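**Q** Structure file upload.txt, compact mmCIF, C-alpha atoms, is pasted below:
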# COMPACT_ATOMS: atom_id res chain seq x y z
CA MET A 48 -17.86 -7.74 10.70
CA THR A 49 -14.81 -9.62 9.45
CA ASP A 50 -16.31 -13.11 9.72
CA ARG A 51 -17.21 -13.10 6.03
CA ILE A 52 -15.86 -11.83 2.76
CA MET A 53 -16.94 -8.25 2.03
CA ASP A 54 -19.80 -8.13 -0.46
CA TRP A 55 -18.42 -5.52 -2.89
CA ASP A 56 -20.91 -6.61 -5.56
CA SER A 57 -23.74 -5.22 -3.38
CA HIS A 58 -22.67 -1.68 -4.38
CA SER A 59 -24.47 -1.88 -7.70
CA ILE A 60 -24.33 1.85 -8.46
CA MET A 61 -21.18 3.17 -6.79
CA THR A 62 -18.89 0.23 -7.30
CA PRO A 63 -15.39 0.42 -5.78
CA GLU A 64 -13.97 1.18 -9.22
CA ARG A 65 -16.39 4.10 -9.76
CA SER A 66 -15.79 5.40 -6.24
CA TRP A 67 -12.03 5.27 -6.88
CA ASN A 68 -12.42 7.23 -10.10
CA VAL A 69 -14.36 9.96 -8.29
CA LEU A 70 -11.92 10.17 -5.39
CA TRP A 71 -8.92 10.09 -7.72
CA PHE A 72 -10.34 13.03 -9.66
CA LEU A 73 -11.14 15.02 -6.49
CA VAL A 74 -7.99 14.27 -4.49
CA ARG A 75 -5.07 13.88 -6.88
CA ARG A 76 -4.90 17.44 -8.22
CA PRO A 77 -4.92 19.17 -4.79
CA LEU A 78 -2.36 16.70 -3.44
CA THR A 79 -0.08 17.20 -6.42
CA LEU A 80 -0.31 20.97 -6.14
CA PHE A 81 -0.24 21.57 -2.41
CA SER A 82 2.16 18.85 -1.33
CA LYS A 83 4.28 19.08 -4.49
CA MET A 84 3.92 15.32 -4.72
CA ARG A 85 6.52 13.33 -6.64
CA VAL A 86 5.97 9.74 -7.80
CA TRP A 87 8.94 7.58 -8.77
CA GLY A 88 8.86 4.05 -10.19
CA ARG A 89 5.11 3.93 -10.88
CA GLU A 90 5.79 1.99 -14.09
CA ARG A 91 6.83 -0.98 -11.92
CA VAL A 92 3.19 -1.66 -11.04
CA PRO A 93 1.65 -4.06 -13.60
CA LEU A 94 -1.33 -2.62 -15.44
CA THR A 95 -3.31 -5.82 -14.91
CA GLY A 96 -3.25 -8.85 -12.64
CA PRO A 97 -3.02 -9.37 -8.88
CA VAL A 98 -0.57 -7.20 -6.93
CA VAL A 99 0.15 -6.70 -3.24
CA LEU A 100 1.29 -3.15 -2.43
CA ALA A 101 3.28 -3.27 0.82
CA SER A 102 3.70 0.26 2.13
CA ASN A 103 5.05 2.00 5.20
CA HIS A 104 2.56 4.07 7.22
CA GLN A 105 3.10 7.55 8.64
CA SER A 106 -0.18 9.40 8.45
CA LEU A 107 -3.92 9.28 7.86
CA TYR A 108 -3.09 10.89 4.51
CA ASP A 109 -1.24 7.78 3.30
CA PRO A 110 -4.19 5.97 1.64
CA PHE A 111 -5.03 9.13 -0.32
CA VAL A 112 -1.43 9.79 -1.30
CA LEU A 113 -0.80 6.21 -2.43
CA GLY A 114 -4.15 6.11 -4.23
CA SER A 115 -3.32 9.35 -6.04
CA ALA A 116 0.02 7.91 -7.13
CA MET A 117 -1.73 5.08 -8.98
CA ARG A 118 -4.47 4.77 -11.56
CA ARG A 119 -5.60 1.27 -10.60
CA PRO A 120 -8.03 1.02 -7.66
CA ILE A 121 -6.45 -0.19 -4.41
CA PHE A 122 -8.45 -2.46 -2.12
CA TYR A 123 -7.05 -1.62 1.31
CA MET A 124 -6.88 -3.88 4.33
CA ALA A 125 -7.65 -1.34 7.08
CA LYS A 126 -7.91 -1.47 10.85
CA ALA A 127 -11.37 -2.50 12.09
CA GLU A 128 -11.61 0.54 14.37
CA LEU A 129 -12.33 2.74 11.33
CA TRP A 130 -15.71 1.02 10.94
CA LYS A 131 -16.90 2.42 14.29
CA ASN A 132 -17.68 5.70 12.53
CA PRO A 133 -20.64 5.01 10.21
CA ILE A 134 -19.79 7.83 7.80
CA VAL A 135 -16.17 6.76 7.47
CA ALA A 136 -17.26 3.13 7.24
CA SER A 137 -19.63 3.88 4.36
CA ILE A 138 -17.01 5.80 2.39
CA ILE A 139 -14.15 3.35 2.77
CA THR A 140 -16.36 0.31 2.18
CA HIS A 141 -17.56 1.83 -1.09
CA THR A 142 -13.94 2.22 -2.17
CA GLY A 143 -13.38 -1.48 -1.56
CA ALA A 144 -11.58 -1.35 1.79
CA PHE A 145 -12.24 -4.14 4.26
CA PRO A 146 -11.54 -4.40 8.00
CA VAL A 147 -8.94 -6.43 9.82
CA ARG A 148 -8.74 -6.99 13.57
CA ARG A 149 -5.20 -6.21 14.60
CA GLY A 150 -3.28 -8.37 17.04
CA GLU A 151 -5.05 -11.60 16.10
CA VAL A 152 -5.50 -13.98 13.21
CA ASP A 153 -8.50 -12.53 11.39
CA ARG A 154 -9.61 -15.26 8.98
CA GLY A 155 -12.37 -13.13 7.49
CA ALA A 156 -9.86 -10.44 6.53
CA LEU A 157 -7.54 -13.05 5.04
CA GLU A 158 -10.39 -14.42 2.94
CA SER A 159 -11.23 -10.91 1.72
CA ALA A 160 -7.58 -10.34 0.81
CA ARG A 161 -7.46 -13.59 -1.15
CA GLU A 162 -10.66 -12.64 -2.98
CA VAL A 163 -9.11 -9.32 -4.06
CA LEU A 164 -6.12 -11.10 -5.56
CA GLU A 165 -8.21 -13.87 -7.14
CA ARG A 166 -10.12 -11.16 -9.01
CA GLY A 167 -6.81 -9.80 -10.31
CA ASP A 168 -6.99 -6.58 -8.32
CA VAL A 169 -4.53 -4.56 -6.21
CA LEU A 170 -4.39 -5.28 -2.48
CA GLY A 171 -3.00 -2.48 -0.30
CA ILE A 172 -1.40 -3.32 3.05
CA PHE A 173 0.36 -0.95 5.43
CA ILE A 174 2.95 -3.48 6.33
CA ASP A 175 4.27 -2.10 9.61
CA GLY A 176 0.85 -2.45 11.22
CA THR A 177 0.42 1.03 12.66
CA ARG A 178 1.38 4.63 11.94
CA HIS A 179 4.89 5.88 12.62
CA HIS A 180 4.88 9.68 12.68
CA GLN A 181 8.29 10.02 11.12
CA ASP A 182 10.17 9.06 7.99
CA ALA A 183 11.08 5.60 9.19
CA VAL A 184 10.19 2.00 8.42
CA GLY A 185 8.71 0.16 11.40
CA GLU A 186 8.78 -3.53 12.21
CA ILE A 187 7.62 -5.49 9.17
CA ARG A 188 4.86 -8.03 9.70
CA ALA A 189 4.79 -11.28 7.74
CA GLY A 190 1.12 -11.07 6.72
CA ALA A 191 1.67 -9.44 3.32
CA ALA A 192 4.33 -11.99 2.38
CA MET A 193 2.04 -14.86 3.42
CA ILE A 194 -0.96 -13.55 1.47
CA ALA A 195 1.14 -12.90 -1.64
CA ALA A 196 2.87 -16.28 -1.50
CA GLN A 197 -0.40 -18.19 -1.15
CA ALA A 198 -1.95 -16.26 -4.05
CA GLY A 199 1.15 -16.41 -6.27
CA ALA A 200 1.03 -12.61 -6.57
CA PRO A 201 4.01 -10.22 -6.63
CA VAL A 202 4.66 -7.85 -3.75
CA ILE A 203 5.61 -4.30 -4.69
CA PRO A 204 7.17 -2.41 -1.75
CA VAL A 205 6.15 1.26 -1.65
CA TYR A 206 7.79 3.95 0.44
CA ILE A 207 5.71 7.05 1.26
CA HIS A 208 7.84 10.00 2.33
CA GLY A 209 6.79 13.21 4.06
CA THR A 210 3.13 12.63 5.00
CA GLY A 211 3.95 12.69 8.70
CA ARG A 212 4.62 16.42 8.32
CA LEU A 213 1.39 17.36 6.54
CA ALA A 214 -0.61 18.00 9.72
CA ASP A 215 1.83 20.76 10.75
CA GLU A 216 3.03 21.74 7.28
CA PRO A 217 0.15 21.45 4.77
CA ARG A 218 2.57 22.13 1.90
CA ALA A 219 5.29 19.78 3.08
CA PRO A 220 6.83 17.87 0.13
CA VAL A 221 5.50 14.35 -0.29
CA SER A 222 6.83 11.54 -2.46
CA VAL A 223 5.94 7.95 -3.32
CA SER A 224 8.64 5.50 -4.44
CA PHE A 225 7.76 2.10 -5.91
CA GLY A 226 10.22 -0.80 -5.63
CA ARG A 227 10.72 -3.75 -7.91
CA PRO A 228 8.18 -6.64 -7.69
CA ILE A 229 9.15 -9.40 -5.28
CA MET A 230 7.91 -12.98 -5.63
CA ILE A 231 7.79 -14.76 -2.27
CA SER A 232 9.05 -18.30 -2.67
CA GLY A 233 8.17 -21.18 -0.39
CA ARG A 234 5.47 -21.73 2.22
CA GLY A 235 5.43 -21.72 6.01
CA SER A 236 6.38 -19.27 8.73
CA LYS A 237 10.10 -19.33 7.92
CA ALA A 238 9.50 -18.46 4.25
CA TYR A 239 7.01 -15.74 5.14
CA ARG A 240 9.39 -14.22 7.68
CA ALA A 241 12.18 -14.25 5.10
CA GLY A 242 9.84 -12.59 2.61
CA ALA A 243 8.95 -9.91 5.16
CA GLU A 244 12.65 -9.22 5.77
CA GLU A 245 13.23 -8.86 2.03
CA ILE A 246 10.31 -6.43 1.76
CA GLY A 247 11.67 -4.48 4.72
CA ALA A 248 15.13 -4.28 3.16
CA GLU A 249 13.60 -2.92 -0.06
CA LEU A 250 11.57 -0.34 1.87
CA ARG A 251 14.72 0.89 3.59
CA ARG A 252 16.46 1.19 0.20
CA LEU A 253 13.50 3.19 -1.05
CA GLN A 254 13.66 5.38 2.05
CA ALA A 255 17.33 6.14 1.40
CA PHE A 256 16.48 6.93 -2.23
CA ALA A 257 13.62 9.29 -1.24
CA GLU A 258 15.81 11.13 1.25
CA SER A 259 18.61 11.44 -1.32
CA ALA A 260 16.14 12.71 -3.94
CA GLU A 261 14.86 15.33 -1.50
CA ARG A 262 18.38 16.55 -0.84
CA ALA A 263 18.90 16.74 -4.61
CA GLY A 264 15.91 19.01 -5.03
CA ARG A 265 13.30 16.33 -5.72
CA PRO A 266 13.84 15.89 -9.47
CA LYS A 267 10.67 15.14 -11.41
CA TYR A 268 12.24 12.18 -13.17
CA ALA A 269 14.23 9.70 -11.12
CA THR A 270 14.41 5.92 -10.82
CA PRO A 271 14.35 4.11 -7.49
CA PRO A 272 17.27 1.71 -6.99
CA GLU A 273 17.39 -1.84 -8.20
CA ARG A 274 17.62 -4.57 -5.61
CA PRO A 275 20.88 -6.54 -5.37
CA ALA A 276 20.63 -9.57 -7.67
CA GLU A 277 21.07 -12.06 -4.84
CA THR A 278 17.88 -10.81 -3.12
CA ASP A 279 15.73 -10.55 -6.21
CA GLY A 280 12.66 -12.46 -5.07
CA GLY A 281 14.73 -15.33 -3.80
CA GLN A 282 15.59 -16.30 -7.36
Taking this structure as input, can you express it in the form of structure tokens?

**A**
Amino acid sequence: MTDRIMDWDSHSIMTPERSWNVLWFLVRRPLTLFSKMRVWGRERVPLTGPVVLASNHQSLYDPFVLGSAMRRPIFYMAKAELWKNPIVASIITHTGAFPVRRGEVDRGALESAREVLERGDVLGIFIDGTRHHQDAVGEIRAGAAMIAAQAGAPVIPVYIHGTGRLADEPRAPVSVSFGRPIMISGRGSKAYRAGAEEIGAELRRLQAFAESAERAGRPKYATPPERPAETDGGQ
């Protein structure tokens, strides 16, 4: 399944971009209304060019929430287990998602990720590897930093807040906070680990911002914090 690059061009009618437009139209309005979704810092995502979105992961709702917060299609790297269900597999494949085998070096998934960025598209990675059913940032893996560094693409950390409560509270408030782009400098495991730590630090800043914004009544217009200058992409 992941031994080759996903053949997105084979979807000649419902391309990933068209599928995203349909899902965006169907999903965004209900999410905005029922979860009272707030999006902060969306302008930090470039309108064109390769981008790695590195997000925390709380819930099965996260891909829909993050997708609704953007207008560009997101090509998600998703756990291979999702492809065991043929209906789910068909839907997510048509939106451009591709599988990754967790707990091992999946070269096919890495090639698919590189292809996404070479095309100038947005790659979505849930950077802590698995869902954490609470508003917390889990252990950050180095994969996103490695992929971004090798492609010369910026990483934009994204913190999703509140989706872990949606199963019990369908109208629980949800927010998405975008951080500043991070360029990962250097190559090798040490550089990738340092990049992952920088992404993790930014996610925790975004978490603190989201929690503060919720206490302040979730203002419609707010700006996520800047990173300290000394950690700005290693510059």

**Q** Calculated over all atoms listed in the file, which of the candidates A:Leu170, A:Trp130, A:Met124, A:Arg227 has the smallest distance to Gly155 of chain A?

**A**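 Closest to Gly155 of chain A, using all atoms listed in the file: A:Met124.
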
**Q** Please indicate the distance in Å from atom CA of Phe81 of chain A to atom CA of Pro204 of chain A, rounded to one decimal place.

**A** 25.1 Å

**Q** Could you jot down the atom CA of Lys83 of chain A to atom CA of Arg212 of chain A separation for me, Å, one decimal place?

**A** 13.1 Å

**Q** With a distance cut-off of 12 Å and all atoms listed in the file, select the neighbouring residues of Gly185 of chain A, excluding the residue or stretch itself and same-chain residues fewer than 6 positions from it, and output the selection as a ChimeraX atom specification.

**A** /A:102-105,173-179,206,243-244,246-248,250-251,254

**Q** Just the selected residues (C-alpha atoms), exported as a CSV table (one decimal), keeping the file's coordinate frame, please.

**A**
chain,number,residue,atom,x,y,z
A,102,SER,CA,3.7,0.3,2.1
A,103,ASN,CA,5.0,2.0,5.2
A,104,HIS,CA,2.6,4.1,7.2
A,105,GLN,CA,3.1,7.6,8.6
A,173,PHE,CA,0.4,-1.0,5.4
A,174,ILE,CA,3.0,-3.5,6.3
A,175,ASP,CA,4.3,-2.1,9.6
A,176,GLY,CA,0.8,-2.4,11.2
A,177,THR,CA,0.4,1.0,12.7
A,178,ARG,CA,1.4,4.6,11.9
A,179,HIS,CA,4.9,5.9,12.6
A,206,TYR,CA,7.8,4.0,0.4
A,243,ALA,CA,9.0,-9.9,5.2
A,244,GLU,CA,12.6,-9.2,5.8
A,246,ILE,CA,10.3,-6.4,1.8
A,247,GLY,CA,11.7,-4.5,4.7
A,248,ALA,CA,15.1,-4.3,3.2
A,250,LEU,CA,11.6,-0.3,1.9
A,251,ARG,CA,14.7,0.9,3.6
A,254,GLN,CA,13.7,5.4,2.0

**Q** Show me, as a list in words, the residues that have an atom within 8 Å of Asp168 of chain A when counting only C-alpha atoms, minus same-chain residues fewer than 3 positions from it.

**A** Thr95, Gly96, Pro97, Val98, Pro120, Ile121, Phe122, Val163, Leu164 and Glu165 of chain A
